[in-house]
$ cat coords33.cif   # mmCIF, C-alpha atoms
data_work
loop_
_atom_site.group_PDB
_atom_site.id
_atom_site.type_symbol
_atom_site.label_atom_id
_atom_site.label_comp_id
_atom_site.auth_asym_id
_atom_site.auth_seq_id
_atom_site.Cartn_x
_atom_site.Cartn_y
_atom_site.Cartn_z
ATOM 1 C CA MET A 110 62.689 27.127 24.103
ATOM 2 C CA PRO A 111 61.164 26.069 20.749
ATOM 3 C CA LYS A 112 58.306 28.038 19.214
ATOM 4 C CA ASN A 113 55.913 25.071 19.107
ATOM 5 C CA ALA A 114 56.270 24.555 22.855
ATOM 6 C CA ALA A 115 55.455 28.213 23.497
ATOM 7 C CA LYS A 116 52.326 27.970 21.337
ATOM 8 C CA ASN A 117 51.125 24.860 23.179
ATOM 9 C CA SER A 118 51.605 26.486 26.556
ATOM 10 C CA LYS A 119 49.400 29.409 25.514
ATOM 11 C CA LYS A 120 46.378 27.251 24.602
ATOM 12 C CA VAL A 121 43.115 28.582 26.044
ATOM 13 C CA VAL A 122 41.016 26.000 27.911
ATOM 14 C CA LYS A 123 37.485 26.120 26.565
ATOM 15 C CA GLU A 124 34.628 25.939 29.050
ATOM 16 C CA ALA A 125 32.247 22.984 28.770
ATOM 17 C CA PRO A 126 28.965 24.001 27.075
ATOM 18 C CA LYS A 127 26.066 24.387 29.457
ATOM 19 C CA LYS A 128 23.273 21.859 29.182
ATOM 20 C CA LYS A 129 20.168 23.293 27.663
ATOM 21 C CA GLU A 130 17.438 23.406 30.261
ATOM 22 C CA MET A 131 14.237 21.722 29.131
ATOM 23 C CA PRO A 132 10.900 23.383 29.850
ATOM 24 C CA LYS A 133 8.952 21.987 32.808
ATOM 25 C CA HIS A 134 6.103 20.608 30.721
ATOM 26 C CA VAL A 135 8.387 18.311 28.663
ATOM 27 C CA PHE A 136 8.722 14.748 29.946
ATOM 28 C CA ASN A 137 12.234 13.855 31.148
ATOM 29 C CA TRP A 138 12.990 10.189 30.452
ATOM 30 C CA LEU A 139 15.790 9.938 32.994
ATOM 31 C CA ARG A 140 13.763 11.389 35.860
ATOM 32 C CA PRO A 141 10.053 10.993 35.179
ATOM 33 C CA SER A 142 7.892 13.747 36.586
ATOM 34 C CA ARG A 143 5.380 12.748 39.237
ATOM 35 C CA LYS A 144 3.061 15.557 38.258
ATOM 36 C CA LEU A 145 2.757 14.595 34.592
ATOM 37 C CA GLY A 146 1.658 11.417 32.890
ATOM 38 C CA SER A 147 3.507 9.366 30.284
ATOM 39 C CA GLY A 148 5.015 11.649 27.629
ATOM 40 C CA GLY A 149 4.182 14.768 29.605
ATOM 41 C CA VAL A 150 0.858 15.060 27.812
ATOM 42 C CA LEU A 151 -1.924 14.253 30.297
ATOM 43 C CA ARG A 152 -1.958 14.872 33.999
ATOM 44 C CA LYS A 153 -2.223 11.812 36.200
ATOM 45 C CA ASN A 154 -5.820 11.400 37.246
ATOM 46 C CA SER A 155 -7.899 8.550 38.625
ATOM 47 C CA SER A 156 -10.563 9.130 35.938
ATOM 48 C CA LEU A 157 -8.138 8.217 33.130
ATOM 49 C CA GLY A 158 -9.130 4.557 33.603
ATOM 50 C CA ARG A 159 -12.240 5.333 31.568
ATOM 51 C CA LEU A 160 -10.054 6.171 28.533
ATOM 52 C CA ILE A 161 -8.116 2.895 28.605
ATOM 53 C CA LYS A 162 -9.125 0.092 26.265
ATOM 54 C CA TRP A 163 -9.383 -2.762 28.765
ATOM 55 C CA PRO A 164 -8.921 -6.425 27.762
ATOM 56 C CA ARG A 165 -12.024 -8.277 26.611
ATOM 57 C CA TYR A 166 -12.256 -10.474 29.731
ATOM 58 C CA VAL A 167 -12.213 -7.385 31.990
ATOM 59 C CA GLN A 168 -15.021 -5.800 29.957
ATOM 60 C CA LEU A 169 -17.106 -8.980 30.200
ATOM 61 C CA GLN A 170 -16.561 -9.197 33.987
ATOM 62 C CA ARG A 171 -17.736 -5.610 34.482
ATOM 63 C CA GLN A 172 -20.723 -5.940 32.136
ATOM 64 C CA ARG A 173 -21.787 -9.168 33.876
ATOM 65 C CA LYS A 174 -21.584 -7.501 37.288
ATOM 66 C CA ILE A 175 -23.724 -4.550 36.145
ATOM 67 C CA LEU A 176 -26.282 -6.838 34.469
ATOM 68 C CA LEU A 177 -26.664 -8.862 37.654
ATOM 69 C CA GLN A 178 -27.294 -5.636 39.594
ATOM 70 C CA ARG A 179 -30.001 -4.520 37.144
ATOM 71 C CA LEU A 180 -31.973 -7.806 37.237
ATOM 72 C CA LYS A 181 -34.349 -9.010 39.915
ATOM 73 C CA ILE A 182 -32.730 -12.130 41.341
ATOM 74 C CA PRO A 183 -35.045 -15.093 42.082
ATOM 75 C CA PRO A 184 -34.980 -16.541 45.636
ATOM 76 C CA SER A 185 -33.204 -19.784 44.665
ATOM 77 C CA LEU A 186 -30.242 -17.696 43.426
ATOM 78 C CA ASN A 187 -30.537 -14.910 45.981
ATOM 79 C CA ILE A 188 -29.867 -17.378 48.822
ATOM 80 C CA PHE A 189 -26.226 -17.498 47.649
ATOM 81 C CA ASN A 190 -25.916 -13.723 48.168
ATOM 82 C CA ASN A 191 -26.665 -14.224 51.890
ATOM 83 C CA ALA A 192 -23.262 -15.662 52.798
ATOM 84 C CA CYS A 193 -22.186 -16.117 56.414
ATOM 85 C CA SER A 194 -20.471 -13.320 58.344
ATOM 86 C CA ARG A 195 -16.737 -12.753 58.200
ATOM 87 C CA ASP A 196 -16.213 -13.765 61.839
ATOM 88 C CA PHE A 197 -18.062 -17.058 61.406
ATOM 89 C CA ALA A 198 -16.194 -17.755 58.150
ATOM 90 C CA SER A 199 -12.817 -17.195 59.837
ATOM 91 C CA LYS A 200 -13.801 -19.608 62.638
ATOM 92 C CA LEU A 201 -14.817 -22.234 60.078
ATOM 93 C CA VAL A 202 -11.559 -21.850 58.159
ATOM 94 C CA LYS A 203 -9.483 -22.010 61.339
ATOM 95 C CA PHE A 204 -11.286 -25.212 62.394
ATOM 96 C CA SER A 205 -11.134 -26.819 58.928
ATOM 97 C CA LYS A 206 -7.382 -26.244 58.564
ATOM 98 C CA ASN A 207 -6.815 -28.927 61.213
ATOM 99 C CA TYR A 208 -8.626 -31.427 58.955
ATOM 100 C CA SER A 209 -7.017 -30.579 55.604
ATOM 101 C CA PRO A 210 -6.084 -33.663 53.542
ATOM 102 C CA GLU A 211 -2.404 -34.448 53.050
ATOM 103 C CA THR A 212 -0.489 -32.922 50.151
ATOM 104 C CA ARG A 213 1.219 -34.992 47.445
ATOM 105 C CA LYS A 214 4.587 -34.547 49.111
ATOM 106 C CA GLN A 215 3.215 -35.687 52.488
ATOM 107 C CA LYS A 216 1.602 -38.732 50.850
ATOM 108 C CA THR A 217 4.880 -39.666 49.106
ATOM 109 C CA ASN A 218 6.816 -39.408 52.381
ATOM 110 C CA ARG A 219 4.179 -41.513 54.183
ATOM 111 C CA LEU A 220 4.276 -44.265 51.543
ATOM 112 C CA LYS A 221 8.089 -44.309 51.602
ATOM 113 C CA ALA A 222 8.070 -44.639 55.390
ATOM 114 C CA MET A 223 5.529 -47.494 55.167
ATOM 115 C CA ALA A 224 7.619 -49.252 52.510
ATOM 116 C CA LYS A 225 10.707 -48.946 54.701
ATOM 117 C CA LEU A 226 8.870 -50.457 57.682
ATOM 118 C CA GLN A 227 7.566 -53.262 55.496
ATOM 119 C CA ALA A 228 11.074 -54.012 54.201
ATOM 120 C CA GLU A 229 12.388 -54.177 57.760
ATOM 121 C CA GLY A 230 9.553 -56.534 58.756
ATOM 122 C CA LYS A 231 8.064 -54.118 61.281
ATOM 123 C CA PRO A 232 4.284 -53.648 61.758
ATOM 124 C CA ILE A 233 2.726 -50.861 59.670
ATOM 125 C CA PRO A 234 0.569 -48.391 61.698
ATOM 126 C CA SER A 235 -3.039 -48.282 60.482
ATOM 127 C CA GLU A 236 -4.161 -44.922 61.864
ATOM 128 C CA LYS A 237 -7.041 -43.287 59.993
ATOM 129 C CA LYS A 238 -6.970 -39.504 60.013
ATOM 130 C CA ASN A 239 -10.221 -37.504 59.865
ATOM 131 C CA VAL A 240 -10.175 -35.104 56.902
ATOM 132 C CA ILE A 241 -12.676 -32.882 55.111
ATOM 133 C CA LYS A 242 -14.131 -34.235 51.856
ATOM 134 C CA CYS A 243 -14.497 -32.364 48.570
ATOM 135 C CA GLY A 244 -16.056 -32.916 45.138
ATOM 136 C CA PHE A 245 -19.690 -32.695 43.939
ATOM 137 C CA ASN A 246 -20.409 -36.413 43.676
ATOM 138 C CA HIS A 247 -18.583 -37.328 46.865
ATOM 139 C CA VAL A 248 -20.264 -34.621 48.956
ATOM 140 C CA THR A 249 -23.687 -35.464 47.465
ATOM 141 C CA ASN A 250 -23.289 -39.149 48.386
ATOM 142 C CA LEU A 251 -22.224 -38.182 51.922
ATOM 143 C CA ILE A 252 -25.307 -35.954 52.351
ATOM 144 C CA GLU A 253 -27.684 -38.598 50.987
ATOM 145 C CA SER A 254 -26.215 -41.341 53.164
ATOM 146 C CA GLY A 255 -26.342 -39.069 56.263
ATOM 147 C CA ARG A 256 -22.600 -39.297 56.967
ATOM 148 C CA ALA A 257 -21.966 -35.567 56.416
ATOM 149 C CA LYS A 258 -22.244 -33.570 59.644
ATOM 150 C CA LEU A 259 -21.559 -30.120 58.140
ATOM 151 C CA VAL A 260 -21.566 -28.940 54.512
ATOM 152 C CA ILE A 261 -19.814 -25.751 53.334
ATOM 153 C CA ILE A 262 -20.925 -24.353 49.952
ATOM 154 C CA ALA A 263 -19.142 -21.587 47.994
ATOM 155 C CA HIS A 264 -21.262 -18.576 46.989
ATOM 156 C CA ASP A 265 -19.541 -17.907 43.628
ATOM 157 C CA VAL A 266 -19.704 -21.252 41.814
ATOM 158 C CA ASP A 267 -19.970 -20.799 38.050
ATOM 159 C CA PRO A 268 -22.307 -22.093 36.674
ATOM 160 C CA ILE A 269 -24.387 -21.785 39.848
ATOM 161 C CA GLU A 270 -26.678 -24.651 38.727
ATOM 162 C CA LEU A 271 -24.017 -27.089 39.964
ATOM 163 C CA VAL A 272 -24.830 -26.302 43.619
ATOM 164 C CA LEU A 273 -28.291 -24.751 43.249
ATOM 165 C CA TRP A 274 -30.034 -27.837 44.640
ATOM 166 C CA MET A 275 -27.603 -28.528 47.491
ATOM 167 C CA PRO A 276 -29.210 -26.300 50.210
ATOM 168 C CA ALA A 277 -32.604 -27.977 49.616
ATOM 169 C CA LEU A 278 -31.000 -31.437 49.875
ATOM 170 C CA CYS A 279 -29.237 -30.467 53.129
ATOM 171 C CA VAL A 280 -32.538 -29.241 54.626
ATOM 172 C CA LYS A 281 -34.332 -32.421 53.524
ATOM 173 C CA LYS A 282 -31.634 -34.671 55.051
ATOM 174 C CA ASN A 283 -31.335 -32.435 58.166
ATOM 175 C CA VAL A 284 -27.646 -31.702 57.563
ATOM 176 C CA PRO A 285 -26.410 -28.239 58.676
ATOM 177 C CA PHE A 286 -24.991 -26.230 55.775
ATOM 178 C CA VAL A 287 -23.169 -22.914 55.386
ATOM 179 C CA ILE A 288 -22.812 -20.639 52.340
ATOM 180 C CA MET A 289 -19.380 -19.049 52.480
ATOM 181 C CA LYS A 290 -17.199 -16.728 50.422
ATOM 182 C CA SER A 291 -15.436 -17.917 48.288
ATOM 183 C CA LYS A 292 -14.548 -20.997 46.207
ATOM 184 C CA ALA A 293 -10.853 -20.014 46.215
ATOM 185 C CA ARG A 294 -10.867 -19.916 50.023
ATOM 186 C CA LEU A 295 -12.479 -23.365 50.169
ATOM 187 C CA GLY A 296 -9.959 -24.643 47.625
ATOM 188 C CA SER A 297 -7.034 -23.562 49.811
ATOM 189 C CA LEU A 298 -8.325 -25.885 52.573
ATOM 190 C CA VAL A 299 -7.992 -28.953 50.300
ATOM 191 C CA HIS A 300 -4.832 -27.830 48.432
ATOM 192 C CA LYS A 301 -6.657 -26.948 45.198
ATOM 193 C CA LYS A 302 -7.253 -23.734 43.262
ATOM 194 C CA THR A 303 -10.999 -23.812 43.910
ATOM 195 C CA ALA A 304 -13.559 -26.034 45.612
ATOM 196 C CA ALA A 305 -17.331 -25.636 45.205
ATOM 197 C CA CYS A 306 -18.329 -27.575 48.326
ATOM 198 C CA LEU A 307 -16.771 -29.333 51.322
ATOM 199 C CA ALA A 308 -18.150 -31.807 53.850
ATOM 200 C CA VAL A 309 -17.046 -32.568 57.409
ATOM 201 C CA CYS A 310 -17.869 -36.168 58.401
ATOM 202 C CA GLU A 311 -15.875 -37.013 61.512
ATOM 203 C CA VAL A 312 -13.903 -34.915 64.001
ATOM 204 C CA ASP A 313 -11.447 -35.778 66.763
ATOM 205 C CA SER A 314 -12.793 -36.211 70.284
ATOM 206 C CA GLY A 315 -10.962 -33.085 71.465
ATOM 207 C CA ASP A 316 -12.769 -30.862 68.919
ATOM 208 C CA ASP A 317 -16.308 -32.126 69.609
ATOM 209 C CA GLU A 318 -17.461 -29.078 71.590
ATOM 210 C CA GLU A 319 -16.107 -26.555 69.072
ATOM 211 C CA PHE A 320 -17.641 -28.466 66.159
ATOM 212 C CA LYS A 321 -21.042 -28.708 67.862
ATOM 213 C CA ALA A 322 -21.040 -24.926 68.402
ATOM 214 C CA LEU A 323 -20.205 -24.303 64.710
ATOM 215 C CA ALA A 324 -22.849 -26.783 63.497
ATOM 216 C CA LEU A 325 -25.477 -25.224 65.791
ATOM 217 C CA LYS A 326 -24.774 -21.713 64.476
ATOM 218 C CA ALA A 327 -24.890 -23.000 60.873
ATOM 219 C CA ARG A 328 -28.251 -24.638 61.559
ATOM 220 C CA GLN A 329 -29.648 -21.419 63.088
ATOM 221 C CA ASN A 330 -28.372 -19.147 60.294
ATOM 222 C CA PHE A 331 -29.283 -21.289 57.290
ATOM 223 C CA ASN A 332 -31.332 -24.462 57.955
ATOM 224 C CA GLU A 333 -33.906 -22.820 60.226
ATOM 225 C CA ARG A 334 -34.135 -19.708 58.010
ATOM 226 C CA TYR A 335 -34.345 -21.647 54.740
ATOM 227 C CA ASN A 336 -38.141 -21.209 54.380
ATOM 228 C CA ILE A 337 -37.701 -17.427 54.749
ATOM 229 C CA LEU A 338 -34.684 -17.236 52.428
ATOM 230 C CA LYS A 339 -36.368 -19.214 49.662
ATOM 231 C CA LYS A 340 -39.103 -16.533 49.418
ATOM 232 C CA GLN A 341 -36.842 -13.462 49.345
ATOM 233 C CA TRP A 342 -36.215 -11.895 45.939
ATOM 234 C CA GLY A 343 -32.991 -10.012 45.303
ATOM 235 C CA LYS A 344 -33.474 -6.274 44.859
ATOM 236 C CA LYS A 345 -32.360 -4.755 41.566
ATOM 237 C CA VAL A 346 -30.088 -1.693 41.685
ATOM 238 C CA LEU A 347 -30.768 0.841 38.929
ATOM 239 C CA GLY A 348 -28.064 2.948 37.271
ATOM 240 C CA GLN A 349 -27.361 6.568 38.199
ATOM 241 C CA LYS A 350 -28.901 8.020 34.994
ATOM 242 C CA THR A 351 -32.093 5.976 35.407
ATOM 243 C CA ARG A 352 -32.419 7.038 39.056
ATOM 244 C CA HIS A 353 -32.031 10.710 38.063
ATOM 245 C CA LYS A 354 -34.723 10.302 35.355
ATOM 246 C CA GLN A 355 -37.104 8.665 37.820
ATOM 247 C CA ASP A 356 -36.501 11.403 40.404
ATOM 248 C CA LYS A 357 -37.152 14.062 37.747
ATOM 249 C CA ARG A 358 -40.455 12.407 36.724
ATOM 250 C CA LYS A 359 -41.445 12.118 40.365
ATOM 251 C CA ARG A 360 -40.816 15.842 40.944
ATOM 252 C CA ILE A 361 -42.842 16.755 37.833
ATOM 253 C CA ARG A 362 -45.769 14.582 38.986
ATOM 254 C CA GLU A 363 -45.674 16.171 42.447
ATOM 255 C CA GLN A 364 -45.675 19.680 40.943
ATOM 256 C CA GLU A 365 -48.595 18.805 38.662
ATOM 257 C CA SER A 366 -50.636 17.346 41.528
ATOM 258 C CA LYS A 367 -49.868 20.441 43.614
ATOM 259 C CA LYS A 368 -51.053 22.762 40.798
ATOM 260 C CA ARG A 369 -54.197 20.657 40.328
ATOM 261 C CA LYS A 370 -55.060 20.921 44.021
ATOM 262 C CA GLU A 371 -54.518 24.688 43.997
ATOM 263 C CA ALA A 372 -56.745 25.035 40.891
ATOM 264 C CA GLN A 373 -59.504 22.999 42.578
ATOM 265 C CA LYS A 374 -59.338 25.223 45.700
ATOM 266 C CA ALA A 375 -59.529 28.364 43.554
ATOM 267 C CA SER A 376 -62.576 27.064 41.625
ATOM 268 C CA ARG A 377 -64.430 26.278 44.881
ATOM 269 C CA LYS A 378 -63.952 29.843 46.088
#

$ encode --input "coords33.cif" --output "structure tokens"
Amino acid sequence: MPKNAAKNSKKVVKEAPKKKEMPKHVFNWLRPSRKLGSGGVLRKNSSLGRLIKWPRYVQLQRQRKILLQRLKIPPSLNIFNNACSRDFASKLVKFSKNYSPETRKQKTNRLKAMAKLQAEGKPIPSEKKNVIKCGFNHVTNLIESGRAKLVIIAHDVDPIELVLWMPALCVKKNVPFVIMKSKARLGSLVHKKTAACLAVCEVDSGDDEEFKALALKARQNFNERYNILKKQWGKKVLGQKTRHKQDKRKRIREQESKKRKEAQKASRK
């Protein structure tokens, strides 16, 4: 047996080096720790949102919300904070879905079918479907002409001046109206992103009873209460620091008045 072969057979197999264990506080990129935040520096905590630099539009949204809470809201604006209940809103949406206008795809299919019938020389059906109407000018004209039987107004229209006058017009023309959350929900009924107001003009004969019940409730909640709502001011909500300061001043005044009364009693004796 050659010498080289003997040397090779006697080679010692080296053990693989053990992986160095990292301390627990160091962040492991392969398996992120649930207890530690990014980089293993800060612990995960709900209050860390205060340290984040939020985008400008988020800051403006939050500042606007706080400002609106601090101000006293006049009655003409405060009426839009008194939206209808969730149950009534869900009933309205469920009813209005049956009267949604056709989508673009449905309209294209209908026109193609009509063109095919016309090419074949067959009579074209002239059925008019009752649908809900949308758009400021259209709804306004329907209210003024008395054709609108129910008007639904969104509570979060921006700028609010666009629909500020609409409740007064509905009351003047004796048209039941509802203020509902929100413009996105109204928009989904007419296949748009948002809709500020909707109007129901005609309904099918089978839905007459249900529609009368909805219109009656709308009249009771909004039309009949309009004179009360237009006198109610919105209450301002003060910040936590301001409330603490006011409470502190109140306690000091109470203590002073208490001391004054005790001094007066002592002087009488």

$ resolve_selection --input "coords33.cif" --expression "the PyMOL selection byres ((chain A and resi 285-299) around 6)" --output "list in words"
Ala192, Cys193, Ser209, Leu259, Val260, Ile261, Ile262, Ala263, His264, Val284, His300, Lys301, Lys302, Thr303, Ala304, Ala305, Ala327 and Arg328 of chain A

$ atom_distance --input "coords33.cif" --atom1 "CA of Leu347 in chain A" --atom2 "CA of Gln364 in chain A"
24.1 Å

$ residues_around --input "coords33.cif" --residues "Asn246 in chain A" --least-positions-apart "4" --cutoff "12 Å" --atoms "all atoms listed in the file" --output "mmCIF file with C-alpha atoms, in the frame of the given file"
data_model
loop_
_atom_site.group_PDB
_atom_site.id
_atom_site.type_symbol
_atom_site.label_atom_id
_atom_site.label_comp_id
_atom_site.auth_asym_id
_atom_site.auth_seq_id
_atom_site.Cartn_x
_atom_site.Cartn_y
_atom_site.Cartn_z
ATOM 1 C CA LYS A 242 -14.131 -34.235 51.856
ATOM 2 C CA ASN A 250 -23.289 -39.149 48.386
ATOM 3 C CA LEU A 251 -22.224 -38.182 51.922
ATOM 4 C CA ILE A 252 -25.307 -35.954 52.351
ATOM 5 C CA GLU A 253 -27.684 -38.598 50.987
ATOM 6 C CA LEU A 271 -24.017 -27.089 39.964
ATOM 7 C CA VAL A 272 -24.830 -26.302 43.619
ATOM 8 C CA MET A 275 -27.603 -28.528 47.491
ATOM 9 C CA ALA A 305 -17.331 -25.636 45.205
ATOM 10 C CA CYS A 306 -18.329 -27.575 48.326
ATOM 11 C CA LEU A 307 -16.771 -29.333 51.322
ATOM 12 C CA ALA A 308 -18.150 -31.807 53.850
#

$ closest_residue --input "coords33.cif" --among "A:Leu160, A:Val346, A:Ala277, A:Val309" --to "Phe331 in chain A" --atoms "all atoms listed in the file"
A:Ala277

$ closest_residue --input "coords33.cif" --among "A:Leu176, A:Lys258, A:Arg165, A:Arg334" --to "Asp317 in chain A" --atoms "only C-alpha atoms"
A:Lys258

$ closest_residue --input "coords33.cif" --among "A:Thr351, A:Lys344, A:Lys237, A:Arg360" --to "Lys181 in chain A" --atoms "all atoms listed in the file"
A:Lys344

$ atom_distance --input "coords33.cif" --atom1 "CA of His247 in chain A" --atom2 "CA of Thr212 in chain A"
18.9 Å

$ axis_aligned_box --input "coords33.cif" --around "range 322-334 of chain A" --padding-each-side "8 Å" --output "lines of an AutoDock Vina configuration file"
center_x = -27.2
center_y = -23.0
center_z = 62.8
size_x = 29.9
size_y = 23.6
size_z = 27.1

$ closest_residue --input "coords33.cif" --among "A:Thr217, A:Asn336, A:Asn207, A:Asn187" --to "Gly315 in chain A" --atoms "only C-alpha atoms"
A:Asn207

$ resolve_selection --input "coords33.cif" --expression "the PyMOL selection byres ((chain A and resi 184) around 7)" --output "JSON, numbers by chain"
{"A": [182, 183, 185, 186, 187, 188, 338, 339, 340, 341, 342, 343]}

$ atom_distance --input "coords33.cif" --atom1 "CA of Lys378 in chain A" --atom2 "CA of Glu365 in chain A"
20.3 Å

$ decode --input "coords33.cif" --residues "range 269-286 of chain A" --atoms "N, CA, C and O atoms" --output "compact mmCIF listing (two decimals), in the first residue's frame"
# COMPACT_ATOMS: atom_id res chain seq x y z
N ILE A 269 -69.80 72.01 2.76
CA ILE A 269 -71.17 71.74 3.21
C ILE A 269 -72.17 72.74 2.63
O ILE A 269 -73.37 72.47 2.57
N GLU A 270 -71.66 73.91 2.15
CA GLU A 270 -72.55 74.93 1.59
C GLU A 270 -73.33 74.43 0.38
O GLU A 270 -74.37 74.99 0.02
N LEU A 271 -72.84 73.36 -0.25
CA LEU A 271 -73.51 72.82 -1.44
C LEU A 271 -74.90 72.27 -1.12
O LEU A 271 -75.80 72.31 -1.96
N VAL A 272 -75.07 71.74 0.11
CA VAL A 272 -76.37 71.15 0.49
C VAL A 272 -76.96 71.83 1.71
O VAL A 272 -77.95 71.35 2.27
N LEU A 273 -76.39 72.96 2.12
CA LEU A 273 -76.83 73.63 3.34
C LEU A 273 -78.27 74.09 3.27
O LEU A 273 -79.01 74.08 4.26
N TRP A 274 -78.71 74.47 2.09
CA TRP A 274 -80.05 75.02 1.88
C TRP A 274 -81.10 73.95 1.58
O TRP A 274 -82.29 74.22 1.59
N MET A 275 -80.66 72.72 1.31
CA MET A 275 -81.58 71.70 0.82
C MET A 275 -82.65 71.28 1.85
O MET A 275 -83.83 71.12 1.48
N PRO A 276 -82.32 71.11 3.15
CA PRO A 276 -83.39 70.79 4.12
C PRO A 276 -84.49 71.84 4.18
O PRO A 276 -85.68 71.50 4.24
N ALA A 277 -84.11 73.13 4.12
CA ALA A 277 -85.11 74.21 4.15
C ALA A 277 -86.01 74.16 2.92
O ALA A 277 -87.23 74.37 3.01
N LEU A 278 -85.41 73.86 1.76
CA LEU A 278 -86.21 73.75 0.52
C LEU A 278 -87.19 72.59 0.59
O LEU A 278 -88.34 72.71 0.16
N CYS A 279 -86.71 71.45 1.15
CA CYS A 279 -87.58 70.27 1.29
C CYS A 279 -88.78 70.57 2.21
O CYS A 279 -89.90 70.16 1.93
N VAL A 280 -88.51 71.30 3.31
CA VAL A 280 -89.59 71.64 4.24
C VAL A 280 -90.58 72.59 3.57
O VAL A 280 -91.80 72.46 3.73
N LYS A 281 -90.05 73.55 2.80
CA LYS A 281 -90.92 74.52 2.13
C LYS A 281 -91.82 73.84 1.09
O LYS A 281 -93.01 74.16 0.97
N LYS A 282 -91.25 72.86 0.36
CA LYS A 282 -92.01 72.16 -0.69
C LYS A 282 -92.74 70.92 -0.17
O LYS A 282 -93.34 70.18 -0.95
N ASN A 283 -92.64 70.69 1.16
CA ASN A 283 -93.31 69.55 1.81
C ASN A 283 -92.86 68.21 1.22
O ASN A 283 -93.67 67.32 0.95
N VAL A 284 -91.55 68.08 1.05
CA VAL A 284 -90.96 66.84 0.55
C VAL A 284 -90.20 66.19 1.70
O VAL A 284 -89.33 66.84 2.30
N PRO A 285 -90.49 64.95 2.08
CA PRO A 285 -89.74 64.31 3.18
C PRO A 285 -88.27 64.14 2.82
O PRO A 285 -87.95 63.74 1.70
N PHE A 286 -87.39 64.46 3.77
CA PHE A 286 -85.95 64.32 3.52
C PHE A 286 -85.30 63.58 4.68
O PHE A 286 -85.83 63.54 5.80
